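First the structure, in the form of structure tokens, and then the observations on it.
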Amino acid sequence: MFIPSAFVETDLIWLDRLLARDAFVTLVTNGADGYPQATRLPVVYTRDAGGILIEGHWAKPNPQAGHAGPALMLVHGPHAYVSPGWYPDKDAQARVPTWNYAAAELRGVLEPVTDPDALVAMLDALSTHYEGTVGGDWDLLPIEPRQQRMLGGIVGFRFRPAQVQIKLKLSQNHPEANQTSVIDALSALDPPASRELAQWMRWRREGGPAAD
């Protein structure tokens with residue numbers, strides 16, 4: 001990922017925040033035909049003293065299913081258009097339109113998982129997390145025959161990134177007056193994405209989001 005020095009971020013709390021807000025990632029590998037193969041899927045993210053572990057699964061018919069080896073994972077964050085009309089110094093500096101956003105790219109190795117017990121643990125972690133986010137009470141019942149058959153239709157994976165690139169393009173290369181003006185303008189817009197991006201800009205100026 002191209003990251004000008006002003007937008008480089010190395011504190012992994014921003015990766016925590018990105019995956020907490022949206023753990024629906026894009027997983028990219030090299031396909032058998034030489035072209036990139038991409039799958040969009042939800043994951044479970046863990047970061048501790050042992051490093052970063054990301055787990056998920058494919059449908060078995062997916063051509064990417066079972067891929068072992070190098071992979072790229074794209075983590076998507078908030079983004080929004082920024083008008084040069086919001087900059088107090090727009091005339092003097094000849095400002096132009098731009099797009100502010102936060103994102104991460106992770107490079108590492110994929111390990112396919114087919115062991116039934118490991119698959120059950122992965123699915124249980126995934127469903128428990130997301131059921132909690134919607135107030136649901138669905139439980140994984142691996143002894144239930146229909147769910148056993150469903151387990152046979154998926155392939156799990158573990159992904160351990162060796163390289164993490166985090167890009168926060170949040171107007172930090174602008175004078176303070178411009179940053180404040182952009183935050184105010186985004187906060188006043190109707191789209192929730194614009195207001196969310198304004199909050200991320202505030203966090204960046206304040207030294208980072210608080211840990212959950």
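Residues in the structure tokens are numbered from 1 in each chain, the chains being A, B, ... in the order shown, and ligands are numbered from 1 in the order shown.
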Long-range neighbours of Pro36 of chain A as number ranges by chain, 12 Å cut-off, only C-alpha atoms, 6 positions minimum in chain
A: 26-30, 63-64, 70-72
Which polymer residues have any atom within 8 Å of an atom of Leu19 of chain A, counting only C-alpha atoms, with same-chain residues fewer than 4 positions away left out, as a list in words?
Leu15, Ala23, Tyr45 and Val75 of chain A
Output for the residues just chosen: C-alpha atoms as a compact mmCIF listing (two decimals), in the first residue's frame:
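In the end it all went to part-v3.txt:
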```txt
# COMPACT_ATOMS: atom_id res chain seq x y z
CA LEU A 15 -5.78 -2.00 13.75
CA ALA A 23 -14.27 -7.25 10.58
CA TYR A 45 -9.41 -11.09 15.24
CA VAL A 75 -9.14 -4.11 6.27
```
Might you pull out every residue within 6 Å of segment 198-200 of chain A, with only C-alpha atoms counted and same-chain residues fewer than 2 positions away left off, and present them as a CSV table (one decimal) with C-alpha atoms, in the first residue's frame?
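Final output, saved to part_9.csv:
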```csv
chain,number,residue,atom,x,y,z
A,183,ILE,CA,-13.9,18.0,11.2
A,186,LEU,CA,-17.9,16.4,8.1
A,187,SER,CA,-19.7,16.5,11.5
A,195,ARG,CA,-19.6,11.9,10.9
A,196,GLU,CA,-17.7,8.7,11.7
A,202,ARG,CA,-10.6,13.8,16.4
A,203,TRP,CA,-9.1,10.6,17.8
```
Which residue, A:Leu141, A:Val134, A:Ile154, A:Ala65, has the smallest gap to Asp115 of chain A when you use only C-alpha atoms?
A:Ile154
Segment 53-209 of chain A: which residues are strand (DSSP E or B) by DSSP, as a VMD selection string?
chain A and resid 53 to 59 69 to 82 98 to 113 154 to 169
Can you pull out the residues contacting segment 171-180 of chain A? Cut-off 9 Å, using only C-alpha atoms, and skip same-chain residues under 3 positions away; I want them as a list of chain:residue names.
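Listing them by chain and then by number gives A:Ala6, A:Phe7, A:Trp86, A:Tyr87, A:Pro88, A:Asp89, A:Lys90, A:Asn100, A:Leu168, A:Ile183, A:Asp184, A:Ala185, A:Met201, A:Arg202, A:Arg204, A:Arg205.
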Skip His67 of chain A itself and residues of its chain fewer than 4 positions away, then list as a PyMOL selection string all residues within 8 Å of it, counting only C-alpha atoms.
chain A and resi 29+110-112
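Our summary of the geometry notes that atom CA of Pro84 of chain A is positioned 19.3 Å from atom CA of Ala102 of chain A.
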For a quick check of understanding, using only C-alpha atoms, which of A:Asp16, A:Thr114, A:Ala125, A:Arg160 has the smallest distance to Gly69 of chain A?
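Among the listed residues, the smallest separation from Gly69 of chain A belongs to A:Arg160.
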Determine which residues of segment 3-151 of chain A DSSP labels as helix (DSSP H, G or I) from the backbone of this structure, then write them out as number ranges by chain.
A: 5-7, 13-21, 84-86, 90-93, 116-134, 145-151
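Excluding Phe2 of chain A itself and same-chain residues fewer than 6 positions from it, the residues having an atom within 12 Å of it are Val8, Ala103, Ala104, Glu105, Gln165, Ile166, Lys167, Leu168 and Lys169 of chain A, counting only C-alpha atoms.
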Could you write out that same residue set with N, CA, C and O atoms as a PDB file, in the first residue's frame?
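Once written, again28.pdb looks like this:
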```
ATOM      1  N   VAL A   8       1.508   7.447   7.742  1.00  0.00           N
ATOM      2  CA  VAL A   8       1.916   6.159   8.294  1.00  0.00           C
ATOM      3  C   VAL A   8       1.539   6.091   9.774  1.00  0.00           C
ATOM      4  O   VAL A   8       1.779   7.029  10.538  1.00  0.00           O
ATOM      5  N   ALA A 103      -7.394   2.745   6.717  1.00  0.00           N
ATOM      6  CA  ALA A 103      -7.396   1.384   6.176  1.00  0.00           C
ATOM      7  C   ALA A 103      -6.128   0.670   6.613  1.00  0.00           C
ATOM      8  O   ALA A 103      -5.172   1.297   7.085  1.00  0.00           O
ATOM      9  N   ALA A 104      -6.118  -0.639   6.443  1.00  0.00           N
ATOM     10  CA  ALA A 104      -4.927  -1.422   6.749  1.00  0.00           C
ATOM     11  C   ALA A 104      -4.773  -2.540   5.733  1.00  0.00           C
ATOM     12  O   ALA A 104      -5.765  -3.039   5.172  1.00  0.00           O
ATOM     13  N   GLU A 105      -3.536  -2.914   5.486  1.00  0.00           N
ATOM     14  CA  GLU A 105      -3.205  -4.064   4.658  1.00  0.00           C
ATOM     15  C   GLU A 105      -2.300  -4.980   5.468  1.00  0.00           C
ATOM     16  O   GLU A 105      -1.317  -4.537   6.058  1.00  0.00           O
ATOM     17  N   GLN A 165       0.438  -2.841   7.606  1.00  0.00           N
ATOM     18  CA  GLN A 165       0.517  -1.450   7.169  1.00  0.00           C
ATOM     19  C   GLN A 165      -0.804  -0.765   7.498  1.00  0.00           C
ATOM     20  O   GLN A 165      -1.866  -1.227   7.075  1.00  0.00           O
ATOM     21  N   ILE A 166      -0.721   0.310   8.261  1.00  0.00           N
ATOM     22  CA  ILE A 166      -1.911   1.070   8.637  1.00  0.00           C
ATOM     23  C   ILE A 166      -1.778   2.475   8.055  1.00  0.00           C
ATOM     24  O   ILE A 166      -0.759   3.146   8.255  1.00  0.00           O
ATOM     25  N   LYS A 167      -2.802   2.889   7.335  1.00  0.00           N
ATOM     26  CA  LYS A 167      -2.799   4.219   6.731  1.00  0.00           C
ATOM     27  C   LYS A 167      -3.953   5.037   7.295  1.00  0.00           C
ATOM     28  O   LYS A 167      -5.116   4.644   7.199  1.00  0.00           O
ATOM     29  N   LEU A 168      -3.608   6.170   7.894  1.00  0.00           N
ATOM     30  CA  LEU A 168      -4.602   7.119   8.384  1.00  0.00           C
ATOM     31  C   LEU A 168      -4.429   8.413   7.605  1.00  0.00           C
ATOM     32  O   LEU A 168      -3.537   9.226   7.896  1.00  0.00           O
ATOM     33  N   LYS A 169      -5.238   8.600   6.594  1.00  0.00           N
ATOM     34  CA  LYS A 169      -5.199   9.832   5.801  1.00  0.00           C
ATOM     35  C   LYS A 169      -6.311  10.737   6.331  1.00  0.00           C
ATOM     36  O   LYS A 169      -7.448  10.709   5.854  1.00  0.00           O
TER      37      LYS A 169
END
```
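For the atom pair formed by atom CA of Pro61 of chain A and atom CA of Phe159 of chain A, the distance is 19.9 Å, given to one decimal.
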Quick one: everything within 12 Å of Gln148 of chain A, counting only C-alpha atoms, minus sequence neighbours fewer than 6 positions away in the same chain. Send it as a list in words.
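With the cut-off at 12 Å, the set is Pro116, Asp117, Leu119, Val120, Leu140, Leu141, Pro142 and Ile154 of chain A.
With only C-alpha atoms as the atoms that count, the residue of A:Ala188, A:Ala80, A:Ala118, A:Leu151 with the shortest distance to Trp99 of chain A is A:Ala80.
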Out of A:His79, A:Arg40, A:Lys60, A:Arg17, which residue has the shortest atom-to-atom distance to Ala193 of chain A when counting only C-alpha atoms?
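For Ala193 of chain A, the nearest of the given residues is A:His79.
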What does the distance from atom CA of Ile52 of chain A to atom CA of Leu126 of chain A come to in Å, to one decimal?
16.4 Å
